[in-house]
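Let me begin by presenting the structure, written as C-alpha cells, before commenting on it.
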Amino acid sequence: MTGAAVLTPKLTPEQEGLMDWIDIGALEDIPERGARVVKTQAGCVALFRTGPEEVFATADACPHRGGPLSEGIVHGRRVTCPLHSWVFDLESGAALGEDARLVTYAVRLVAGRVLLDGRLLAKRSAA
Amino acid sequence: MKQKLVVIGAGMASGRVLEQLTETAPDAFDITLFNGESRGNYNRIMLSSVLSGDKTYEDIVTHDAAWYAARGITCRFGEHVTRIDREAKVVVGQGGEVAYDHLLIATGSAPFVIPVPGRELPGVVTYRDLDDTEAMIDAAGRGGSAVVIGGGLLGLEAAAGLAGRGMAVTVVHLMGHLMERQLDEAAGYLLRRDLEARGITVRTQASTKAILGEDRAEAVLLENGDLLPADLVVMAVGIRPETRLATDAGLQVARGIEVDVQMVTSDPAILAVGECVEFSGQLFGLVAPLYDQAKVAAQTLLGRPDAFVLRDTATKLKVTGCDLFSAGDFAAGPGREDIVYRDPARGIYKRLVIEGDRLVGAVMYGDTADGAWFFGLIKDGTEIDAMRDTLIFGPGFQGGSAADPLSAVAALPPEAEICGCNGVCKGTIVQAIEGGAQDLGGLRAVTKASASCGTCTGLVEQLLQVTLGEGYSAPAARPVCTCTELTHEDVRRLIKAKALKSQPAVWQELGWTTPNGCHVCRPAVNFYLLADWPLEYLDDPQSRFVNERKHANIQKDGTFSVVPRMWGGITNPVELRAIADAAEKYGAQTVKVTGGQRIDLLGIKGEDLPGIWSDLNRAGLVSGHAYSKGLRTVKTCVGTDHCRFGTQDSTGLGIKLEQTLWGSWTPHKVKLAVSGCPRNCAEATCKDVGIICVDSGYQIGVAGAAGMDLKETERLADVATEQEAMDLTVAFIQLYRENARYLDRPYKWVAKVGLDWVKARVVDDPAERRRLIEAFELSQSIYRKDPWAEHADRGRAYAPLADLTREAAE
Ligand code: SRM
Ligand SMILES: Cc1cc2nc3c(=O)[nH]c(=O)nc-3n(C[C@H](O)[C@H](O)[C@H](O)COP(=O)(O)OP(=O)(O)OC[C@H]3O[C@@H](n4cnc5c(N)ncnc54)[C@H](O)[C@@H]3O)c2cc1C
Ligand code: SF4
Ligand code: FES
C-alpha cells in the first residue's frame, strides 16, 4: 500500500504517543539486507534494513565483546556479529543459543524516511 | 425539499456511494455528478482485460446512461471542476456553477510522471483510464517496441497486454525485484521468470535518465548509458492522490485529503472517498477498502452512524499464467517467524509470516489456490497454533507430505549435466539406474559419472534415491547450512547445470527453506555465482563478510586495518612517504610489516577508510586485498637482480603474477611465492602456489599449507619458460575457482580431487588449459580493478547515517 507508515516493533497507541519521532534520514540510504549506524548519546544505534520497507534498530555493540553489529551479515530478520558470529533476532534483540540480549529501539518509516525516538538524544538514563 | 448533493469524480468509489444512496433513499438527494472523463463509471480494474483484448469497453461499464437517468442524476461528464467555493457553497465547473448542501470529493488519483527530459513527447503515456488504454492499443497496432517504466502491478499488466498484442516489451524497474511492495525476492524471481518466458525483457535496478526522440518518443536512456528503443513509453511508476481542488479550497490535506472515520473532511459539509483521501496516515490504491469507505460515506450522508475500519488487503496480478497472491504486511511489519515452502519442480513458492499465534502475512507464487483461506486467517486474526506445522499446506491438508529435500534434483531436466568431468547428464544416469545399476559403483562402471574428481557424488546418490525410492539409502552428506539439504558440491554443480544466475534463483530452484539464506550460505552462493557467471551476475556486497564489504580487515575494537599492495614485496620512497603520511594523518595505532612482505596500518576508523584510500591512491598505491577470499600476496626474494645464487628473475615473475591475479575472487585466500633458487628465501614450498627457480627453468609446486595445517607443496610440473610458469599458475587457480567448495584452501581441494585429476587438466590438456586461462581473463575483465579507487568517493556510505550527539549538543 502506498506509503503506509510502518513501525517496528509494534507498539500500543499509548506507547507510540510517548515517542518523540525525529527524522534520521532516507530509507534508500540503508542498503537492503544491510545496515547503517546512528550516533546517539546512548551509544551507537544500528539500523538494519531487512526488507524493502522494514527497518529494525538495536544497540550497535554486541553483548559478547562489543562487535559492531551494523557490520554483520543481515539475513531474514537476523544479524550475525562480524567478530565471532553470534546471531541475534532483531525484533526481540535475543541472541540465538546464548544468554544475552540487545537493547532494541522503535523505528517508524513514513514516506521513505526513517524516524527514531528523539529521546535517544537524551542521556542514557532515558533508554 | 431535496438536499443538493454534488459529486466530483465518477469513479469506482463514488459509483458505490451513489448505488447505496439511491437504493436506500431514492428521493433524499438532488444529485449532480461531474467527471473529468467523458463517460460515467466503469470498472477501472478491468482496463487490463480491455488492453489484453479479453474484454471491450462495453463489457466493463458499470453505470450506463440509462442507469443515471433512472435515478435522476444530472451528469456533467467530460467537464472538470475547477474550483470549490466553500463560503458560497458552490462548485465551479468548466461549464458553470452548481450549488450544494453536501459535497462529495472522489477525484481518485493521478499517475505519477517521473520528471525526466522527454516525458512530454508524444508516444509517452500513463496508465489510468480508457483513453490511455486506447492509446496503447492504437500504438500496439503499429507494432515495434515498448518500454514500460515501473515493475509494479499496473506496469506489469500493461507490459503483458502489450506483449500479447505483439510488441517487443521491456520493463524498466528501479528496485531489485518486481512488485517489491507485494512480493519478496523469491516470488519476484518466479514472476520475472514467467514474464521472460513470454518474451518480456525485465531490467531491474535500472533508473531512467531521459526519453529521447525528435518529435515523438524513440528511445529510453538509462542512467547506466544503455539505450532502449521505444515506439511507446508507458509510465507506471505510482500514483499520487488527486488533491488539487481540496488544497485550493483550504481543506486539510496531508498526502491525501484528510478524513475522519465518517469520511468527513475538515469542512463538515464536504466528504471525500477513494484514492484521493488519507485516513489515519494511510493512502489507498486498491478498491476493497474504497468500497468500505463508500458504504460509510453513504450512511453519513443519510445521517446514520457508521465508521470506517482499516482492513488488510490482498493483491493478485491479472496476467494469465502469473499466479501470485500477496496479503497482509509480510514485508512491512515487526519481526516474526517465517514458514517457507518451495517446490522447484512446479515453480511454487509459498511463505507465511506468523506473529505469536496469528498469521499476519502470506506471499504465494505458482499455486495460489489457498490464498483466500490464508487471507481469511489473516483478516480474522484466527489462532493458528494447533495447525502451525501443517498450515502451509492449506485447508485441504490431510497427512500431506512435507517439502521434499530431493525435489531440486527431481526437478532437473534430463539434459542437465551432473558430472562435469565426464559430461554425463541426468537422463543417462537415470537410464543406467533403470537398466540395473543399483549403487554408486555400478553407476560409475556404466556411465563414468562421479568417477573422476568425485565432487558430483552427492548428486549422483540423490539421483539413485529419487529413482529407486525407499530402496536406496544414501550416506548422509553434510549440507551447506540449515537453509538447504544440499552440499556445497551439489550447489556448485546445480548452479552450472541449471544455469542459475541470481541468488533468488538458487533459493527457489534448489528449494532453500529460508526466505534469503543465512550468514553461512550467502557468502558461498555469492561466490559461486560470480565465479561461474562473471559477466551476468552482479556481486552482492550484503552477502559478504564485513572485511570484503568494507575492503579492510575489522579489528577487535571495530576499527580497521589498511594494507596497500606492494607488488612482489617491492616498494619505493614515494610509496613509503605516502604510507607514513597516511599513518600520521589518520592516527594509525600500529604500523607493522606483515608476514606477506608489505605494510599494515592498524586502527583506522571505519569512516576514515575512503579518505585514507584516496590519499594512498594518489601515490599509486592500491588495495592489497589483505581481507579477501582472493589473491593476497606474491612473496618474492631478490633473485638475479642482486643475489649471487639467483637463477631466474624471481622478483619480476612474482610481480607479473601478482599483476595478473590481483582482484580475483577465489573460494578461499590464495598466496603465492617465487624463490630465486632452492635455498627458498621466499618460503615458496608452503604456499598455495610456490615456484622455485632453477637453472633449467621453474619448478611449480601447488597445494602447500602453513597455517592451521602444515604441508609441503606437491610438484605440478617443471617448465622451461616464464610464460609457461604464468600459464600453469593461472590455469591452476581458475580450475580451483571453478570447482572447489567455498572456504577450502587449494591444499584441501587437491586432497579431494587428487593431483592427477588436476594435472590432467592443467598440464596434459593444452585445450583445457587455454580454456581455463581464457575464463580467468574474462572474469578479470570485471574484477581486476582497485576497489579502493571505486569506493574512495562513496564516503557517505561509510559515515554514520546521522549523528544525534551533535544535534543534542547544539
Ligand atoms: C597481518 C598478518 C599478520 C602479520 O602481522 O604479519 C595476518 C593477519 C591476519 N590473518 Fe594471517 N596474517 C598474515 C599473514 C599470514 C600468514 C603468512 C603468510 O602469508 O606468508 C599465514 C600462513 C600462511 C597461510 O595463509 O596459510 C597466515 C595464516 C592465517 C590463517 C590460517 C589460514 C589457513 O588456511 O590455515 C587465518 C585464518 C583464515 O584465513 O581463516 C588468518 C587470518 C588472519 C586475520 C585476517 C584474522 C582475521 O580474520 O581477522 C588477521 C587479520 C589481522 C588484521 O586485522 O589485519 N591468517 N596469515 C599477515 C598479513 C599478510 C599480508 O600482507 O597480507
Ligand atoms: C489498469 C488498472 C488496473 C487496476 N487493477 C486493480 C486491481 O486488480 N485491484 C484493485 O483493487 N485495484 C485495481 N486498480 C485500482 C483501482 O482501479 C482504483 O483503486 C479505483 O479505481 C480508485 O477509485 P476512485 O473512485 O478513488 O478513483 P477513480 O476510479 O480514478 O475515479 C476518479 C474520477 O475522478 C475524475 N476526476 C478527477 N479530478 C476531477 C475534477 N477536477 N473534475 C471532475 N472529475 C475529476 C477522474 O476523471 C476519474 O474518472 C487498478 C487501476 C488501474 C488503472
Ligand atoms: S596469528 Fe594471525 S590470526 Fe592469530 S592472532 Fe596473529 S594475526 Fe591474528
Ligand atoms: S563480539 Fe559479537 S560475537 Fe563476539
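Ligands are numbered from 1 in the order shown, chains are lettered A, B, ... in the order of the C-alpha cells, and residues start at 1 in each chain.
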
What are the closest atom pairs, with distances in Å to one decimal, for each residue of chain A lying within 10 Å of ligand 1, using only C-alpha atoms and all ligand atoms, rows by chain and rising residue number, as a Markdown table?
| residue | atom | partner | partner_atom_place_in_ligand_line | distance |
| --- | --- | --- | --- | --- |
| A:Pro82 | CA | ligand 1 | 48 (O) | 9.7 |
| A:Leu83 | CA | ligand 1 | 49 (O) | 8.1 |
| A:His84 | CA | ligand 1 | 48 (O) | 9.8 |

Selection within 7 Å of ligand 2 by only C-alpha atoms and all ligand atoms, output as a PyMOL selection string
chain B and resi 8-14+34-37+44-48+79-82+106-109+127-129+154+242+245+273-276+284-288+290+315-318

Residue subset to file, keeping N, CA and C atoms, as a short mmCIF file (atom, residue, chain, number, x, y, z; two decimals), in the first residue's frame:
data_model
loop_
_atom_site.label_atom_id
_atom_site.label_comp_id
_atom_site.auth_asym_id
_atom_site.auth_seq_id
_atom_site.Cartn_x
_atom_site.Cartn_y
_atom_site.Cartn_z
N ILE B 8 -17.91 15.10 -7.17
CA ILE B 8 -16.83 15.37 -8.14
C ILE B 8 -16.07 14.07 -8.38
N GLY B 9 -16.17 13.58 -9.61
CA GLY B 9 -15.48 12.33 -9.95
C GLY B 9 -16.46 11.18 -10.02
N ALA B 10 -16.61 10.58 -11.21
CA ALA B 10 -17.49 9.42 -11.37
C ALA B 10 -16.65 8.17 -11.50
N GLY B 11 -15.94 7.83 -10.41
CA GLY B 11 -15.08 6.66 -10.44
C GLY B 11 -15.66 5.53 -9.64
N MET B 12 -14.78 4.58 -9.27
CA MET B 12 -15.26 3.37 -8.62
C MET B 12 -15.75 3.62 -7.21
N ALA B 13 -15.15 4.59 -6.51
CA ALA B 13 -15.57 4.84 -5.13
C ALA B 13 -16.91 5.58 -5.10
N SER B 14 -17.00 6.68 -5.86
CA SER B 14 -18.25 7.44 -5.82
C SER B 14 -19.38 6.62 -6.44
N PHE B 34 -20.11 15.28 -11.58
CA PHE B 34 -19.09 15.75 -12.53
C PHE B 34 -18.09 14.62 -12.80
N ASN B 35 -17.63 14.57 -14.02
CA ASN B 35 -16.50 13.66 -14.26
C ASN B 35 -15.56 14.23 -15.32
N GLY B 36 -14.29 14.24 -15.02
CA GLY B 36 -13.30 14.74 -15.98
C GLY B 36 -13.29 13.89 -17.24
N GLU B 37 -13.43 12.59 -17.08
CA GLU B 37 -13.52 11.71 -18.24
C GLU B 37 -14.88 11.90 -18.89
N ARG B 44 -12.63 0.20 -13.60
CA ARG B 44 -11.28 0.60 -13.99
C ARG B 44 -10.31 -0.59 -13.91
N ILE B 45 -10.55 -1.43 -12.94
CA ILE B 45 -9.67 -2.59 -12.74
C ILE B 45 -9.57 -3.43 -14.02
N MET B 46 -10.68 -3.46 -14.77
CA MET B 46 -10.73 -4.34 -15.93
C MET B 46 -10.11 -3.72 -17.18
N LEU B 47 -9.53 -2.53 -17.04
CA LEU B 47 -8.86 -1.93 -18.20
C LEU B 47 -7.78 -2.89 -18.73
N SER B 48 -7.17 -3.64 -17.81
CA SER B 48 -6.14 -4.57 -18.24
C SER B 48 -6.72 -5.64 -19.17
N GLU B 79 -16.41 17.17 -18.06
CA GLU B 79 -16.29 18.53 -17.52
C GLU B 79 -15.50 18.52 -16.20
N HIS B 80 -14.41 19.22 -16.18
CA HIS B 80 -13.58 19.30 -14.97
C HIS B 80 -14.13 20.31 -14.01
N VAL B 81 -14.14 20.01 -12.74
CA VAL B 81 -14.43 21.02 -11.73
C VAL B 81 -13.14 21.80 -11.53
N THR B 82 -13.25 23.13 -11.53
CA THR B 82 -12.03 23.93 -11.43
C THR B 82 -11.87 24.56 -10.06
N ALA B 106 -14.41 12.82 -4.94
CA ALA B 106 -13.96 11.44 -5.24
C ALA B 106 -13.12 11.49 -6.50
N THR B 107 -12.07 12.30 -6.42
CA THR B 107 -11.28 12.58 -7.63
C THR B 107 -10.19 11.54 -7.91
N GLY B 108 -10.13 10.52 -7.05
CA GLY B 108 -9.17 9.44 -7.35
C GLY B 108 -7.73 9.90 -7.25
N SER B 109 -6.89 9.36 -8.13
CA SER B 109 -5.50 9.80 -8.09
C SER B 109 -4.98 10.01 -9.50
N TYR B 127 -0.97 5.05 -17.41
CA TYR B 127 -1.98 4.00 -17.48
C TYR B 127 -2.99 4.25 -16.37
N ARG B 128 -4.05 4.94 -16.72
CA ARG B 128 -5.03 5.25 -15.69
C ARG B 128 -6.47 5.06 -16.18
N ASP B 129 -6.73 5.52 -17.43
CA ASP B 129 -8.13 5.49 -17.86
C ASP B 129 -8.29 4.90 -19.25
N LEU B 154 0.47 -2.22 -12.06
CA LEU B 154 -0.01 -1.60 -13.29
C LEU B 154 0.95 -1.81 -14.45
N GLU B 242 -5.27 12.77 -6.07
CA GLU B 242 -5.65 13.99 -6.79
C GLU B 242 -6.30 14.94 -5.79
N LEU B 245 -8.03 20.32 -5.99
CA LEU B 245 -9.23 21.10 -5.65
C LEU B 245 -9.33 21.32 -4.15
N VAL B 273 -14.05 10.35 -0.58
CA VAL B 273 -13.80 8.91 -0.60
C VAL B 273 -12.85 8.56 -1.74
N GLY B 274 -12.24 7.40 -1.65
CA GLY B 274 -11.44 6.88 -2.75
C GLY B 274 -9.96 7.14 -2.60
N GLU B 275 -9.25 7.04 -3.70
CA GLU B 275 -7.79 7.16 -3.66
C GLU B 275 -7.32 8.57 -3.35
N CYS B 276 -8.25 9.55 -3.37
CA CYS B 276 -7.83 10.92 -3.08
C CYS B 276 -7.70 11.17 -1.59
N PHE B 284 -4.61 4.86 -0.22
CA PHE B 284 -5.26 3.66 -0.75
C PHE B 284 -4.97 3.49 -2.23
N GLY B 285 -4.84 2.24 -2.66
CA GLY B 285 -4.55 2.00 -4.07
C GLY B 285 -5.27 0.78 -4.63
N LEU B 286 -6.11 0.17 -3.79
CA LEU B 286 -6.88 -0.99 -4.24
C LEU B 286 -8.34 -0.74 -3.87
N VAL B 287 -9.27 -1.39 -4.60
CA VAL B 287 -10.67 -0.99 -4.41
C VAL B 287 -11.33 -1.51 -3.13
N ALA B 288 -10.89 -2.64 -2.59
CA ALA B 288 -11.62 -3.22 -1.45
C ALA B 288 -11.87 -2.20 -0.33
N LEU B 290 -11.89 0.93 -0.57
CA LEU B 290 -12.68 2.06 -1.07
C LEU B 290 -14.17 1.76 -1.00
N THR B 315 -3.49 -8.76 -2.81
CA THR B 315 -3.19 -8.38 -4.19
C THR B 315 -3.07 -9.61 -5.07
N LYS B 316 -3.63 -9.53 -6.26
CA LYS B 316 -3.36 -10.53 -7.30
C LYS B 316 -2.95 -9.76 -8.55
N LEU B 317 -2.27 -10.44 -9.45
CA LEU B 317 -1.88 -9.79 -10.69
C LEU B 317 -2.74 -10.39 -11.79
N LYS B 318 -3.35 -9.49 -12.59
CA LYS B 318 -4.27 -10.02 -13.59
C LYS B 318 -3.53 -10.30 -14.90
#

Hey, what's within 7 Å of stretch 17-34 of chain A if we count only C-alpha atoms and toss same-chain stuff fewer than 2 positions away? As a short mmCIF file (atom, residue, chain, number, x, y, z; two decimals) with all heavy atoms, in the first residue's frame, please?
data_model
loop_
_atom_site.label_atom_id
_atom_site.label_comp_id
_atom_site.auth_asym_id
_atom_site.auth_seq_id
_atom_site.Cartn_x
_atom_site.Cartn_y
_atom_site.Cartn_z
N PRO A 13 -0.92 2.14 20.88
CA PRO A 13 -1.05 3.56 20.55
C PRO A 13 -0.54 4.44 21.69
O PRO A 13 0.06 5.49 21.46
CB PRO A 13 -2.56 3.73 20.36
CG PRO A 13 -3.07 2.38 19.99
CD PRO A 13 -2.18 1.40 20.70
N GLU A 14 -0.74 3.99 22.94
CA GLU A 14 -0.26 4.80 24.09
C GLU A 14 1.26 4.92 24.03
O GLU A 14 1.83 5.99 24.13
CB GLU A 14 -0.66 4.17 25.43
CG GLU A 14 -2.16 4.12 25.69
CD GLU A 14 -2.81 2.96 24.96
OE1 GLU A 14 -2.44 1.81 25.22
OE2 GLU A 14 -3.69 3.22 24.09
N GLN A 15 1.92 3.74 23.86
CA GLN A 15 3.38 3.75 23.79
C GLN A 15 3.85 4.65 22.66
O GLN A 15 4.76 5.45 22.81
CB GLN A 15 3.92 2.33 23.55
CG GLN A 15 3.84 1.43 24.76
CD GLN A 15 4.21 0.00 24.38
OE1 GLN A 15 3.79 -0.51 23.35
NE2 GLN A 15 5.02 -0.63 25.22
N ARG A 36 23.10 0.65 8.68
CA ARG A 36 23.84 1.90 8.88
C ARG A 36 23.79 2.22 10.37
O ARG A 36 23.00 1.66 11.11
CB ARG A 36 23.21 3.05 8.08
CG ARG A 36 23.32 2.92 6.58
CD ARG A 36 24.74 3.13 6.07
NE ARG A 36 25.25 4.47 6.29
CZ ARG A 36 25.02 5.50 5.49
NH1 ARG A 36 24.29 5.36 4.40
NH2 ARG A 36 25.52 6.69 5.76
N PHE A 48 18.97 -1.71 10.81
CA PHE A 48 19.07 -2.84 9.88
C PHE A 48 17.90 -2.81 8.92
O PHE A 48 16.75 -2.77 9.36
CB PHE A 48 19.05 -4.17 10.63
CG PHE A 48 20.17 -4.31 11.62
CD1 PHE A 48 20.01 -3.93 12.94
CD2 PHE A 48 21.40 -4.80 11.21
CE1 PHE A 48 21.04 -4.05 13.85
CE2 PHE A 48 22.44 -4.93 12.11
CZ PHE A 48 22.27 -4.55 13.43
N ARG A 49 18.16 -2.85 7.63
CA ARG A 49 17.06 -2.89 6.67
C ARG A 49 16.88 -4.34 6.21
O ARG A 49 17.66 -4.85 5.42
CB ARG A 49 17.36 -1.99 5.49
CG ARG A 49 16.20 -1.92 4.52
CD ARG A 49 16.37 -0.78 3.55
NE ARG A 49 15.33 -0.76 2.55
CZ ARG A 49 15.43 -0.11 1.40
NH1 ARG A 49 16.52 0.59 1.14
NH2 ARG A 49 14.44 -0.15 0.54
N THR A 50 15.84 -4.98 6.73
CA THR A 50 15.66 -6.40 6.46
C THR A 50 14.77 -6.66 5.26
O THR A 50 14.66 -7.79 4.80
CB THR A 50 15.05 -7.08 7.69
OG1 THR A 50 13.94 -6.29 8.13
CG2 THR A 50 16.04 -7.18 8.82
N GLY A 51 14.10 -5.63 4.76
CA GLY A 51 13.25 -5.79 3.58
C GLY A 51 13.08 -4.43 2.94
O GLY A 51 13.57 -3.43 3.47
N PRO A 52 12.39 -4.38 1.78
CA PRO A 52 12.24 -3.10 1.10
C PRO A 52 11.69 -2.02 2.05
O PRO A 52 12.13 -0.89 2.03
CB PRO A 52 11.23 -3.40 0.00
CG PRO A 52 11.30 -4.85 -0.24
CD PRO A 52 11.71 -5.48 1.06
N VAL A 74 23.21 -9.50 7.33
CA VAL A 74 21.80 -9.46 7.69
C VAL A 74 21.07 -10.53 6.88
O VAL A 74 21.20 -10.58 5.66
CB VAL A 74 21.21 -8.07 7.36
CG1 VAL A 74 19.73 -8.02 7.71
CG2 VAL A 74 21.97 -6.98 8.10
N HIS A 75 20.35 -11.41 7.56
CA HIS A 75 19.63 -12.48 6.85
C HIS A 75 18.29 -12.67 7.53
O HIS A 75 18.22 -12.72 8.75
CB HIS A 75 20.44 -13.77 6.83
CG HIS A 75 21.03 -14.15 8.16
ND1 HIS A 75 20.49 -15.12 8.97
CD2 HIS A 75 22.11 -13.66 8.83
CE1 HIS A 75 21.21 -15.23 10.06
NE2 HIS A 75 22.21 -14.36 10.02
N GLY A 112 9.20 6.92 2.95
CA GLY A 112 10.60 6.81 2.56
C GLY A 112 11.58 7.43 3.53
O GLY A 112 12.77 7.48 3.27
N ARG A 113 11.12 7.90 4.67
CA ARG A 113 12.02 8.45 5.68
C ARG A 113 12.07 7.52 6.89
O ARG A 113 11.09 6.84 7.20
CB ARG A 113 11.56 9.85 6.15
CG ARG A 113 11.37 10.86 5.04
CD ARG A 113 12.65 11.22 4.33
NE ARG A 113 13.65 11.80 5.22
CZ ARG A 113 14.86 12.16 4.80
NH1 ARG A 113 15.22 11.99 3.54
NH2 ARG A 113 15.72 12.68 5.65
N VAL A 114 13.20 7.54 7.58
CA VAL A 114 13.36 6.71 8.77
C VAL A 114 13.28 7.60 10.00
O VAL A 114 13.99 8.61 10.08
CB VAL A 114 14.73 5.99 8.74
CG1 VAL A 114 14.87 5.09 9.95
CG2 VAL A 114 14.88 5.21 7.45
N LEU A 115 12.41 7.23 10.94
CA LEU A 115 12.22 8.03 12.15
C LEU A 115 12.64 7.22 13.38
O LEU A 115 12.33 6.04 13.48
CB LEU A 115 10.74 8.43 12.30
CG LEU A 115 10.26 9.67 11.56
CD1 LEU A 115 10.58 9.60 10.08
CD2 LEU A 115 8.76 9.84 11.72
N LEU A 116 13.36 7.88 14.28
CA LEU A 116 13.74 7.25 15.55
C LEU A 116 13.15 8.06 16.67
O LEU A 116 12.83 9.24 16.51
CB LEU A 116 15.27 7.24 15.70
CG LEU A 116 16.07 6.09 15.13
CD1 LEU A 116 17.53 6.29 15.53
CD2 LEU A 116 15.57 4.76 15.66
N ASP A 117 13.06 7.45 17.85
CA ASP A 117 12.55 8.15 19.02
C ASP A 117 13.58 9.18 19.48
O ASP A 117 14.70 8.83 19.85
CB ASP A 117 12.27 7.13 20.12
CG ASP A 117 11.65 7.79 21.33
OD1 ASP A 117 11.40 9.01 21.27
OD2 ASP A 117 11.41 7.08 22.32
N GLY A 118 13.19 10.45 19.47
CA GLY A 118 14.12 11.53 19.78
C GLY A 118 14.67 11.48 21.19
O GLY A 118 15.65 12.15 21.49
N ARG A 119 14.06 10.67 22.05
CA ARG A 119 14.60 10.60 23.40
C ARG A 119 15.98 9.98 23.44
O ARG A 119 16.68 10.07 24.45
CB ARG A 119 13.63 9.85 24.32
CG ARG A 119 12.35 10.67 24.55
CD ARG A 119 11.33 9.85 25.28
NE ARG A 119 11.09 8.61 24.57
CZ ARG A 119 10.43 7.58 25.09
NH1 ARG A 119 9.99 7.64 26.31
NH2 ARG A 119 10.24 6.49 24.38
N GLN B 542 26.03 -7.23 0.28
CA GLN B 542 25.34 -7.62 1.51
C GLN B 542 25.50 -9.12 1.79
O GLN B 542 25.07 -9.59 2.82
CB GLN B 542 23.84 -7.27 1.43
CG GLN B 542 23.58 -5.80 1.19
CD GLN B 542 24.41 -4.88 2.05
OE1 GLN B 542 24.71 -5.18 3.19
NE2 GLN B 542 24.83 -3.75 1.49
N LEU B 801 24.73 7.30 9.46
CA LEU B 801 23.57 7.85 8.77
C LEU B 801 23.22 9.20 9.39
O LEU B 801 22.81 10.12 8.70
CB LEU B 801 22.40 6.87 8.91
CG LEU B 801 21.14 7.15 8.13
CD1 LEU B 801 21.44 7.20 6.64
CD2 LEU B 801 20.09 6.09 8.41
N ALA B 802 23.38 9.31 10.69
CA ALA B 802 23.11 10.58 11.36
C ALA B 802 23.94 10.62 12.62
O ALA B 802 24.33 9.58 13.16
CB ALA B 802 21.63 10.68 11.71
#

Which of these residues is nearest to chain A, using only C-alpha atoms: B:Arg255, B:His488, B:Lys635, B:Lys759?
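Once distances to chain A are computed over only C-alpha atoms, the minimum belongs to B:Arg255.
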
Which residues of chain B sit at most 12 Å from ligand 3, using only C-alpha atoms and all ligand atoms? Give each one's shortest atom pair and distance in Å (one decimal place), in chain and ascending residue order, as JSON lines.
{"residue": "B:Asn553", "atom": "CA", "partner": "ligand 3", "partner_atom_place_in_ligand_line": "8 (Fe)", "distance": 10.8}
{"residue": "B:Ile554", "atom": "CA", "partner": "ligand 3", "partner_atom_place_in_ligand_line": "8 (Fe)", "distance": 11.2}
{"residue": "B:Gln555", "atom": "CA", "partner": "ligand 3", "partner_atom_place_in_ligand_line": "8 (Fe)", "distance": 9.4}
{"residue": "B:Lys556", "atom": "CA", "partner": "ligand 3", "partner_atom_place_in_ligand_line": "8 (Fe)", "distance": 10.0}
{"residue": "B:Ser561", "atom": "CA", "partner": "ligand 3", "partner_atom_place_in_ligand_line": "7 (S)", "distance": 11.4}
{"residue": "B:Lys592", "atom": "CA", "partner": "ligand 3", "partner_atom_place_in_ligand_line": "7 (S)", "distance": 11.1}
{"residue": "B:Val593", "atom": "CA", "partner": "ligand 3", "partner_atom_place_in_ligand_line": "7 (S)", "distance": 11.8}
{"residue": "B:Thr594", "atom": "CA", "partner": "ligand 3", "partner_atom_place_in_ligand_line": "7 (S)", "distance": 9.1}
{"residue": "B:Gly595", "atom": "CA", "partner": "ligand 3", "partner_atom_place_in_ligand_line": "7 (S)", "distance": 9.3}
{"residue": "B:Gly596", "atom": "CA", "partner": "ligand 3", "partner_atom_place_in_ligand_line": "7 (S)", "distance": 11.5}
{"residue": "B:Asp600", "atom": "CA", "partner": "ligand 3", "partner_atom_place_in_ligand_line": "7 (S)", "distance": 11.2}
{"residue": "B:Leu602", "atom": "CA", "partner": "ligand 3", "partner_atom_place_in_ligand_line": "7 (S)", "distance": 11.5}
{"residue": "B:Ala626", "atom": "CA", "partner": "ligand 3", "partner_atom_place_in_ligand_line": "7 (S)", "distance": 11.6}
{"residue": "B:Tyr627", "atom": "CA", "partner": "ligand 3", "partner_atom_place_in_ligand_line": "3 (S)", "distance": 11.9}
{"residue": "B:Ala706", "atom": "CA", "partner": "ligand 3", "partner_atom_place_in_ligand_line": "1 (S)", "distance": 11.3}
{"residue": "B:Gly707", "atom": "CA", "partner": "ligand 3", "partner_atom_place_in_ligand_line": "1 (S)", "distance": 8.7}
{"residue": "B:Met708", "atom": "CA", "partner": "ligand 3", "partner_atom_place_in_ligand_line": "1 (S)", "distance": 9.7}

Would you output that residue set with C-alpha atoms, as a compact mmCIF listing (two decimals), in the first residue's frame?
# COMPACT_ATOMS: atom_id res chain seq x y z
CA ASN B 553 40.07 -6.06 8.00
CA ILE B 554 37.89 -5.46 11.02
CA GLN B 555 39.74 -5.48 14.36
CA LYS B 556 38.58 -6.50 17.78
CA SER B 561 43.48 -2.28 9.14
CA LYS B 592 53.58 -3.27 11.10
CA VAL B 593 55.49 -5.17 8.46
CA THR B 594 53.31 -8.21 7.71
CA GLY B 595 54.27 -11.79 7.10
CA GLY B 596 53.29 -11.13 3.48
CA ASP B 600 49.84 -2.85 7.61
CA LEU B 602 46.21 -0.82 12.02
CA ALA B 626 44.51 -8.42 2.75
CA TYR B 627 40.85 -9.04 3.64
CA ALA B 706 51.49 -23.15 6.53
CA GLY B 707 48.50 -22.04 8.55
CA MET B 708 46.34 -24.30 10.65

Taking only C-alpha atoms and all ligand atoms and a cut-off of 12 Å, can you tell me which residues surround ligand 4, written as a PyMOL selection string?
(chain A and resi 59-73+79-88+95-98+100-102) or (chain B and resi 554-558)

Can you pull out the residues contacting B:Ile599? Cut-off 12 Å, using only C-alpha atoms, and skip same-chain residues under 3 positions away; I want them as a VMD selection string.
chain B and resid 561 to 567 569 to 571 575 to 576 578 to 580 583 588 590 to 596 602 621 623 to 624 626 633

Between A:Glu53, A:Gly93, A:Ala46, A:Arg108, which has the minimum distance to chain B (counting only C-alpha atoms)?
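Of the candidates, the smallest distance to chain B is held by A:Glu53.
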
What parts of stretch 590-787 of chain B does DSSP call strand (DSSP E or B)? I'd like the answer as a ChimeraX atom specification.
/B:590-593,599-604,623,630-636,665,670-675,689-694,697-702,705-706,710-711,714-719

Filtered DSSP result for stretch 559-736 of chain B, state helix (DSSP H, G or I), as JSON, numbers by chain:
{"B": [567, 568, 569, 573, 574, 575, 576, 577, 578, 579, 580, 581, 582, 583, 584, 585, 606, 607, 608, 609, 610, 611, 612, 613, 614, 615, 616, 617, 618, 639, 640, 641, 642, 650, 651, 652, 653, 654, 655, 656, 657, 658, 659, 660, 661, 684, 685, 686, 722, 723, 724, 725, 726, 727, 728, 729, 730, 731, 732, 733, 734, 735, 736]}

Counting only C-alpha atoms, which of A:Lys39, A:Val55, A:Leu109, A:Cys44 gets nearest to chain B?
A:Lys39

Using only C-alpha atoms, which of B:Gly356, B:Asp367, B:Arg493, B:Trp757 sits nearest B:Gly423?
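Smallest distance to B:Gly423 is found for B:Arg493.
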